[in-house]
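Next up, structure-v2.txt (compact mmCIF, C-alpha atoms and all ligand atoms):
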```txt
# COMPACT_ATOMS: atom_id res chain seq x y z
CA MET A 5 -38.36 49.64 29.19
CA THR A 6 -40.78 49.58 32.05
CA ALA A 7 -43.57 51.82 30.86
CA HIS A 8 -46.14 49.77 29.01
CA VAL A 9 -47.82 52.79 27.54
CA ARG A 10 -49.51 52.99 24.21
CA PRO A 11 -48.28 55.86 22.08
CA GLU A 12 -50.41 58.98 21.71
CA GLY A 13 -53.24 57.63 23.83
CA LEU A 14 -55.61 55.73 21.58
CA HIS A 15 -53.91 56.61 18.32
CA PHE A 16 -51.04 55.00 16.50
CA SER A 17 -49.61 56.99 13.65
CA VAL A 18 -47.93 55.88 10.45
CA SER A 19 -44.81 57.84 11.41
CA GLN A 20 -44.71 56.07 14.79
CA LEU A 21 -44.87 52.76 12.99
CA LYS A 22 -41.99 53.75 10.73
CA THR A 23 -39.96 54.97 13.71
CA TRP A 24 -40.36 51.64 15.54
CA LEU A 25 -39.42 49.67 12.44
CA ARG A 26 -36.29 51.80 12.03
CA CYS A 27 -35.25 51.54 15.69
CA PRO A 28 -37.41 50.45 18.66
CA ARG A 29 -35.10 52.23 21.09
CA ALA A 30 -35.53 55.55 19.28
CA PHE A 31 -39.29 54.90 19.43
CA GLU A 32 -38.99 54.32 23.16
CA TYR A 33 -37.13 57.60 23.72
CA ARG A 34 -39.52 59.60 21.65
CA TYR A 35 -42.95 58.14 22.26
CA ILE A 36 -42.73 56.25 25.53
CA ARG A 37 -40.34 58.38 27.57
CA GLY A 38 -41.02 61.68 25.79
CA ALA A 39 -37.29 62.44 25.88
CA GLU A 40 -36.15 65.87 24.71
CA PRO A 41 -34.42 65.60 21.32
CA GLU A 42 -30.73 66.53 21.47
CA PHE A 43 -30.93 68.45 18.18
CA VAL A 44 -33.08 68.84 15.09
CA PRO A 45 -31.53 67.08 12.10
CA MET A 46 -31.09 69.58 9.27
CA PRO A 47 -32.64 67.17 6.70
CA LEU A 48 -35.74 66.88 8.90
CA ALA A 49 -36.18 70.66 9.09
CA PHE A 50 -35.45 70.88 5.37
CA GLY A 51 -38.11 68.27 4.55
CA SER A 52 -40.68 70.01 6.77
CA ALA A 53 -40.00 73.36 5.11
CA PHE A 54 -40.31 71.77 1.67
CA HIS A 55 -43.64 70.21 2.65
CA GLU A 56 -44.88 73.56 3.95
CA ALA A 57 -44.01 75.26 0.68
CA LEU A 58 -45.87 72.65 -1.36
CA ALA A 59 -48.81 72.69 1.03
CA HIS A 60 -48.96 76.46 0.59
CA HIS A 61 -49.07 76.07 -3.19
CA TYR A 62 -51.67 73.30 -3.26
CA GLY A 63 -53.75 75.05 -0.61
CA TRP A 64 -53.83 78.03 -2.91
CA LEU A 65 -54.97 75.86 -5.83
CA LYS A 66 -57.62 74.24 -3.66
CA ALA A 67 -58.97 77.68 -2.79
CA GLY A 68 -59.56 78.27 -6.50
CA GLU A 69 -56.55 80.40 -7.36
CA THR A 70 -55.55 79.67 -10.92
CA SER A 71 -52.12 81.24 -10.77
CA PRO A 72 -50.67 80.78 -7.30
CA ALA A 73 -47.64 82.87 -6.50
CA LEU A 74 -44.49 80.80 -6.76
CA GLU A 75 -42.55 83.40 -4.80
CA ALA A 76 -44.96 83.13 -1.88
CA SER A 77 -44.48 79.36 -1.74
CA LYS A 78 -40.71 79.80 -1.86
CA GLN A 79 -40.93 82.35 0.92
CA ARG A 80 -42.88 79.80 2.96
CA PHE A 81 -39.94 77.44 2.57
CA VAL A 82 -37.49 80.11 3.73
CA ASP A 83 -39.66 81.11 6.70
CA SER A 84 -40.09 77.53 7.89
CA PHE A 85 -36.43 76.59 7.48
CA THR A 86 -35.33 79.81 9.20
CA ALA A 87 -37.76 79.24 12.08
CA ALA A 88 -36.20 75.80 12.60
CA ARG A 89 -32.72 77.37 12.70
CA ASN A 90 -33.87 79.94 15.26
CA GLY A 91 -35.82 77.46 17.37
CA PRO A 92 -34.97 76.33 20.90
CA VAL A 93 -33.41 73.05 19.78
CA PRO A 94 -30.23 73.45 17.68
CA LEU A 95 -30.16 72.41 14.04
CA GLN A 96 -27.46 69.90 13.20
CA ASN A 97 -26.37 68.38 9.92
CA ASP A 98 -24.81 64.98 10.40
CA ASP A 99 -24.82 64.07 6.73
CA ASP A 100 -21.41 63.75 5.11
CA ASP A 101 -22.37 66.26 2.43
CA GLY A 102 -20.99 69.17 4.47
CA GLU A 103 -23.85 71.37 3.30
CA THR A 104 -24.45 74.52 5.30
CA PHE A 105 -27.81 76.04 6.09
CA ASP A 106 -27.36 78.62 3.33
CA LEU A 107 -26.41 76.04 0.72
CA LEU A 108 -29.34 73.86 1.65
CA GLN A 109 -31.69 76.81 1.57
CA ALA A 110 -30.60 77.70 -1.95
CA LYS A 111 -31.01 74.08 -2.98
CA GLY A 112 -34.47 73.92 -1.41
CA LEU A 113 -35.65 76.97 -3.31
CA GLY A 114 -34.62 75.31 -6.56
CA MET A 115 -36.42 72.14 -5.56
CA VAL A 116 -39.64 74.01 -4.75
CA GLN A 117 -39.49 75.71 -8.13
CA VAL A 118 -38.97 72.43 -10.00
CA ALA A 119 -41.64 70.60 -7.97
CA LEU A 120 -44.28 73.22 -8.63
CA ALA A 121 -43.53 73.32 -12.36
CA HIS A 122 -44.40 69.62 -12.64
CA PRO A 123 -47.71 68.65 -14.33
CA LEU A 124 -48.85 67.14 -11.04
CA ALA A 125 -49.46 70.71 -10.00
CA ALA A 126 -52.20 71.02 -12.64
CA SER A 127 -54.54 68.39 -11.16
CA LYS A 128 -57.71 69.31 -9.27
CA VAL A 129 -56.86 69.57 -5.59
CA LEU A 130 -59.31 67.92 -3.19
CA ALA A 131 -57.36 68.10 0.07
CA VAL A 132 -54.03 69.31 1.44
CA GLU A 133 -52.40 67.94 4.61
CA HIS A 134 -55.46 65.79 5.19
CA THR A 135 -55.54 64.15 8.62
CA PHE A 136 -57.37 60.83 8.89
CA THR A 137 -58.26 58.61 11.81
CA VAL A 138 -59.56 55.13 11.01
CA ASP A 139 -60.21 51.90 12.86
CA LEU A 140 -57.40 49.39 12.97
CA ARG A 141 -58.59 45.85 12.35
CA HIS A 142 -56.94 42.60 13.26
CA PRO A 143 -55.86 40.93 9.98
CA ASP A 144 -57.11 37.46 11.03
CA THR A 145 -60.30 38.12 12.97
CA GLY A 146 -61.36 41.48 11.54
CA GLU A 147 -61.83 42.63 15.14
CA VAL A 148 -61.67 46.40 15.57
CA LEU A 149 -58.79 47.21 17.91
CA ASP A 150 -59.15 49.78 20.65
CA ILE A 151 -56.47 51.94 19.07
CA LYS A 152 -56.94 53.90 15.86
CA LEU A 153 -54.64 54.56 12.95
CA LEU A 154 -53.74 58.21 12.51
CA GLY A 155 -52.07 59.72 9.48
CA VAL A 156 -51.64 62.88 7.49
CA VAL A 157 -51.83 62.64 3.71
CA ASP A 158 -49.84 65.36 1.95
CA LEU A 159 -52.20 65.82 -0.97
CA VAL A 160 -55.35 64.36 -2.53
CA ILE A 161 -55.92 65.19 -6.19
CA GLU A 162 -58.49 64.23 -8.79
CA ASP A 163 -58.06 63.58 -12.49
CA ASP A 164 -61.03 62.52 -14.64
CA GLY A 165 -62.99 61.65 -11.50
CA HIS A 166 -60.24 59.41 -10.14
CA ARG A 167 -58.87 60.24 -6.71
CA THR A 168 -55.15 59.93 -5.97
CA ILE A 169 -53.22 60.26 -2.73
CA VAL A 170 -49.84 61.94 -3.21
CA GLU A 171 -46.93 61.82 -0.78
CA HIS A 172 -44.13 64.35 -1.22
CA LYS A 173 -40.58 63.22 -0.55
CA THR A 174 -37.18 64.85 -0.63
CA SER A 175 -34.31 62.49 -1.25
CA ALA A 176 -30.60 62.51 -1.99
CA ARG A 177 -31.32 60.47 -5.08
CA LYS A 178 -34.24 58.90 -6.95
CA TYR A 179 -36.14 56.17 -5.16
CA THR A 180 -35.25 52.65 -6.18
CA ALA A 181 -37.83 50.07 -7.24
CA ASP A 182 -37.45 48.34 -3.85
CA GLN A 183 -38.07 51.56 -1.95
CA LEU A 184 -41.21 52.16 -3.97
CA MET A 185 -42.41 48.58 -3.58
CA PHE A 186 -41.80 48.03 0.12
CA ASP A 187 -42.49 51.38 1.78
CA VAL A 188 -45.16 50.77 4.39
CA GLN A 189 -46.64 54.26 4.11
CA PRO A 190 -48.59 53.76 0.85
CA SER A 191 -49.92 50.47 2.19
CA ALA A 192 -51.18 52.32 5.27
CA TYR A 193 -52.82 54.90 3.03
CA ALA A 194 -54.40 52.24 0.84
CA TYR A 195 -55.86 50.66 3.98
CA ALA A 196 -57.05 54.03 5.28
CA ALA A 197 -58.71 54.76 1.93
CA THR A 198 -60.76 51.55 2.22
CA GLN A 199 -61.83 52.50 5.74
CA LEU A 200 -62.74 56.02 4.61
CA GLY A 201 -64.87 54.65 1.78
CA TRP A 202 -62.77 56.37 -0.85
CA GLY A 203 -63.04 53.42 -3.21
CA ASP A 204 -60.29 52.67 -5.68
CA VAL A 205 -57.71 55.42 -5.09
CA GLY A 206 -54.41 55.91 -6.83
CA LEU A 207 -51.19 56.29 -4.87
CA LYS A 208 -48.23 58.38 -5.94
CA PHE A 209 -44.86 59.32 -4.57
CA ASN A 210 -43.69 62.75 -5.67
CA VAL A 211 -39.94 62.54 -5.04
CA VAL A 212 -37.78 65.61 -5.57
CA THR A 213 -34.04 64.97 -5.48
CA LYS A 214 -31.50 67.10 -3.66
CA THR A 215 -29.11 66.72 -6.56
CA LYS A 216 -27.31 69.72 -8.05
CA ILE A 217 -30.05 69.89 -10.66
CA PRO A 218 -33.20 68.73 -8.86
CA VAL A 219 -35.21 65.99 -10.53
CA VAL A 220 -38.90 65.26 -9.99
CA GLN A 221 -39.71 61.55 -9.87
CA VAL A 222 -43.45 60.92 -9.86
CA GLU A 223 -44.22 57.25 -9.40
CA ASP A 224 -47.54 55.42 -9.39
CA LEU A 225 -47.61 52.81 -6.65
CA ARG A 226 -49.65 49.64 -6.50
CA ARG A 227 -50.91 48.22 -3.23
CA ASP A 228 -53.31 45.26 -3.28
CA ASP A 229 -55.20 43.34 -0.58
CA ASN A 230 -52.09 41.33 0.29
CA ASP A 231 -50.12 44.52 0.89
CA ILE A 232 -52.89 45.85 3.10
CA GLU A 233 -52.96 42.60 5.07
CA ASP A 234 -49.17 42.80 5.43
CA PHE A 235 -49.51 46.34 6.72
CA LEU A 236 -52.10 45.30 9.31
CA ARG A 237 -49.90 42.41 10.47
CA THR A 238 -46.96 44.78 10.82
CA ALA A 239 -49.01 47.36 12.73
CA VAL A 240 -50.51 44.76 15.07
CA GLY A 241 -47.10 43.16 15.57
CA VAL A 242 -45.49 46.47 16.48
CA LEU A 243 -48.34 47.39 18.83
CA THR A 244 -48.03 44.01 20.54
CA ALA A 245 -44.31 44.57 21.00
CA VAL A 246 -44.87 48.08 22.36
CA GLU A 247 -47.48 46.77 24.80
CA ALA A 248 -45.04 44.12 25.97
CA GLY A 249 -42.34 46.74 26.57
CA VAL A 250 -40.04 45.46 23.85
CA SER A 251 -37.19 47.85 23.05
CA PHE A 252 -33.77 47.32 21.56
CA PRO A 253 -31.26 49.39 19.61
CA VAL A 254 -30.80 48.96 15.88
CA ARG A 255 -27.33 50.25 15.09
CA GLY A 256 -26.99 51.42 11.53
CA TRP A 257 -27.35 54.28 9.12
CA ALA A 258 -30.12 55.90 11.17
CA CYS A 259 -27.81 56.41 14.19
CA LYS A 260 -25.93 59.21 12.47
CA GLY A 261 -28.92 61.53 12.41
CA CYS A 262 -30.66 60.13 15.50
CA GLN A 263 -31.93 62.79 17.88
CA TYR A 264 -31.17 60.57 20.90
CA LYS A 265 -27.74 59.27 19.98
CA ALA A 266 -25.82 60.71 22.97
CA ARG A 267 -28.38 59.33 25.38
CA CYS A 268 -28.36 56.00 23.55
CA ARG A 269 -24.57 55.80 23.56
CA ALA A 270 -24.49 56.55 27.30
CA ALA A 271 -27.14 53.93 27.97
CA GLY A 272 -25.52 51.35 25.72
CA ALA A 273 -23.14 49.88 28.27
CA SER A 274 -25.80 49.50 30.91
CA ARG A 275 -28.54 47.97 28.74
S1 LIG B 301 -28.54 55.97 18.21
FE1 LIG B 301 -29.12 54.30 16.81
S2 LIG B 301 -29.60 52.56 18.14
FE2 LIG B 301 -29.61 54.39 19.43
S3 LIG B 301 -31.74 55.06 19.49
FE3 LIG B 301 -30.75 56.16 17.83
S4 LIG B 301 -31.11 54.95 15.99
FE4 LIG B 301 -31.51 53.65 17.77
```
Starting from the file, give its structure as structure tokens.
Ligand code: SF4
Amino acid sequence: MTAHVRPEGLHFSVSQLKTWLRCPRAFEYRYIRGAEPEFVPMPLAFGSAFHEALAHHYGWLKAGETSPALEASKQRFVDSFTAARNGPVPLQNDDDDGETFDLLQAKGLGMVQVALAHPLAASKVLAVEHTFTVDLRHPDTGEVLDIKLLGVVDLVIEDDGHRTIVEHKTSARKYTADQLMFDVQPSAYAYAATQLGWGDVGLKFNVVTKTKIPVVQVEDLRRDDNDIEDFLRTAVGVLTAVEAGVSFPVRGWACKGCQYKARCRAAGASR
């Protein structure tokens, strides 16, 4: 990699961080070179459509509607998923499940229904798809870096005066304890909450499974000062690597659905 360019100008997003941790070469293709994706992974489009449906529902609640229309939220899912199928970049399902667009759409509608029937949906909604930009600080010196942390929180709710950040997930199966404990995203949000002056916020994952009968797994997550320090060390470490032009492939499960896999395979022999 020759371009020592910081991603997205002066912002570094949580999703960029997760992309680099998964595979620095995929990060390079996407954020440094701006390479055109070869396809849109069906699970990605599915997850986006699911998020849109839930955002529609919670946006409705935030606006003061007491009985939001489930059918309208489901239609939002269908519209978003269909738009992805009809978009300029082809949809592709590289999972071994063999699920077609139609099967996944039917499954998604069931998942939206189950997700919105969960008690979580009864909380007071403070914000939906809330974008934040906060200073990034060096974990040792406290120095404010010249690049900011950018993120989008799916949902902020309030119960008995206590604010909670909620992240929606779709998953083939329930999250394991390790997934819940080590995901960097809640740590980033806990850090952002301190910078935003939100005080002691709760963190939740709202996982809805893609199983035949969808299951809602709502988990409270704990992130303390050590986790926040770990997050800052990870973010600063990744930024340092990006600045230095570090890139390498990480072959593994992520390759199957990687949007740059043909390019990566072709480049493999010459890198
Ligand atoms: S195919 Fe695999 S190694 Fe290559 S960029 Fe994608 S995830 Fe990384």
If we count all atoms listed in the file and set the cut-off at 12 Å, which residues sit around Asn230 (chain A), ignoring sequence neighbours fewer than 4 positions away in its own chain? Please answer as a PDB file with C-alpha atoms, in the frame of the given file.
```pdb
ATOM      1  CA  PRO A 143     -55.860  40.930   9.980  1.00  0.00           C
ATOM      2  CA  SER A 191     -49.920  50.470   2.190  1.00  0.00           C
ATOM      3  CA  ALA A 194     -54.400  52.240   0.840  1.00  0.00           C
ATOM      4  CA  TYR A 195     -55.860  50.660   3.980  1.00  0.00           C
ATOM      5  CA  ARG A 226     -49.650  49.640  -6.500  1.00  0.00           C
ATOM      6  CA  ASP A 234     -49.170  42.800   5.430  1.00  0.00           C
ATOM      7  CA  PHE A 235     -49.510  46.340   6.720  1.00  0.00           C
ATOM      8  CA  LEU A 236     -52.100  45.300   9.310  1.00  0.00           C
ATOM      9  CA  ARG A 237     -49.900  42.410  10.470  1.00  0.00           C
TER      10      ARG A 237
END
```
Practice task
Could you check how far CA of Ala181 (chain A) sits from CA of Thr213 (chain A), in Å to one decimal?
Solution key: 15.5 Å
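Straight-line separation from CA of Leu107 (chain A) to CA of Val211 (chain A): 20.0 Å.
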Exercise for the section: Kindly extract all protein, DNA and RNA residues lying within 10 Å of the coordinates (-53.0, 49.7, 12.3) given in the file, considering all atoms listed in the file, and supply them as a ChimeraX atom specification. Expected result: /A:15-18,21,138-143,148-149,151-154,192,195-196,232,235-243
Problem - For ligand LIG 301 (chain B), the nearest of the candidates A:Gly249, A:Gly256, A:Gly155, A:Pro218, counting all atoms listed in the file - result: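 Among A:Gly249, A:Gly256, A:Gly155, A:Pro218, it is A:Gly256 that comes nearest to ligand LIG 301 (chain B).
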Practice task
Using all atoms listed in the file, find each protein or nucleic acid residue lying at most 10 Å from ligand LIG 301 (chain B); present the set as a count of residues only.
Solution key: 33
Practice task
Could you tell me how far CA of Ala248 (chain A) lies from CA of Gly146 (chain A), in Å and to one decimal?
Solution key: 21.9 Å
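Shortest separation to Leu207 (chain A) among A:Lys111, A:Arg37, A:His172, A:His55 occurs at residue A:His172, atoms counted being all atoms listed in the file.
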Exercise for the section: Counting only C-alpha atoms, figure out which residue out of A:Gln109, A:Thr145, A:Asn210, A:Gln96 gets nearest to Asp158 (chain A). Expected result: A:Asn210
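Summary of the local environment: counting only C-alpha atoms, residues at most 10 Å from Ala197 (chain A), other than itself and those fewer than 4 positions away along its chain, are Phe136, Val138, Ile169, Ser191, Ala192, Tyr193, Gly201, Trp202, Gly203, Asp204, Val205 and Gly206 of chain A.
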Problem - Counting all atoms listed in the file, the residue of A:Leu74, A:Gly102, A:Ala121, A:Thr135 that sits nearest Val160 (chain A) - result: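 Checking each candidate against Val160 (chain A), we get A:Thr135 as the closest.
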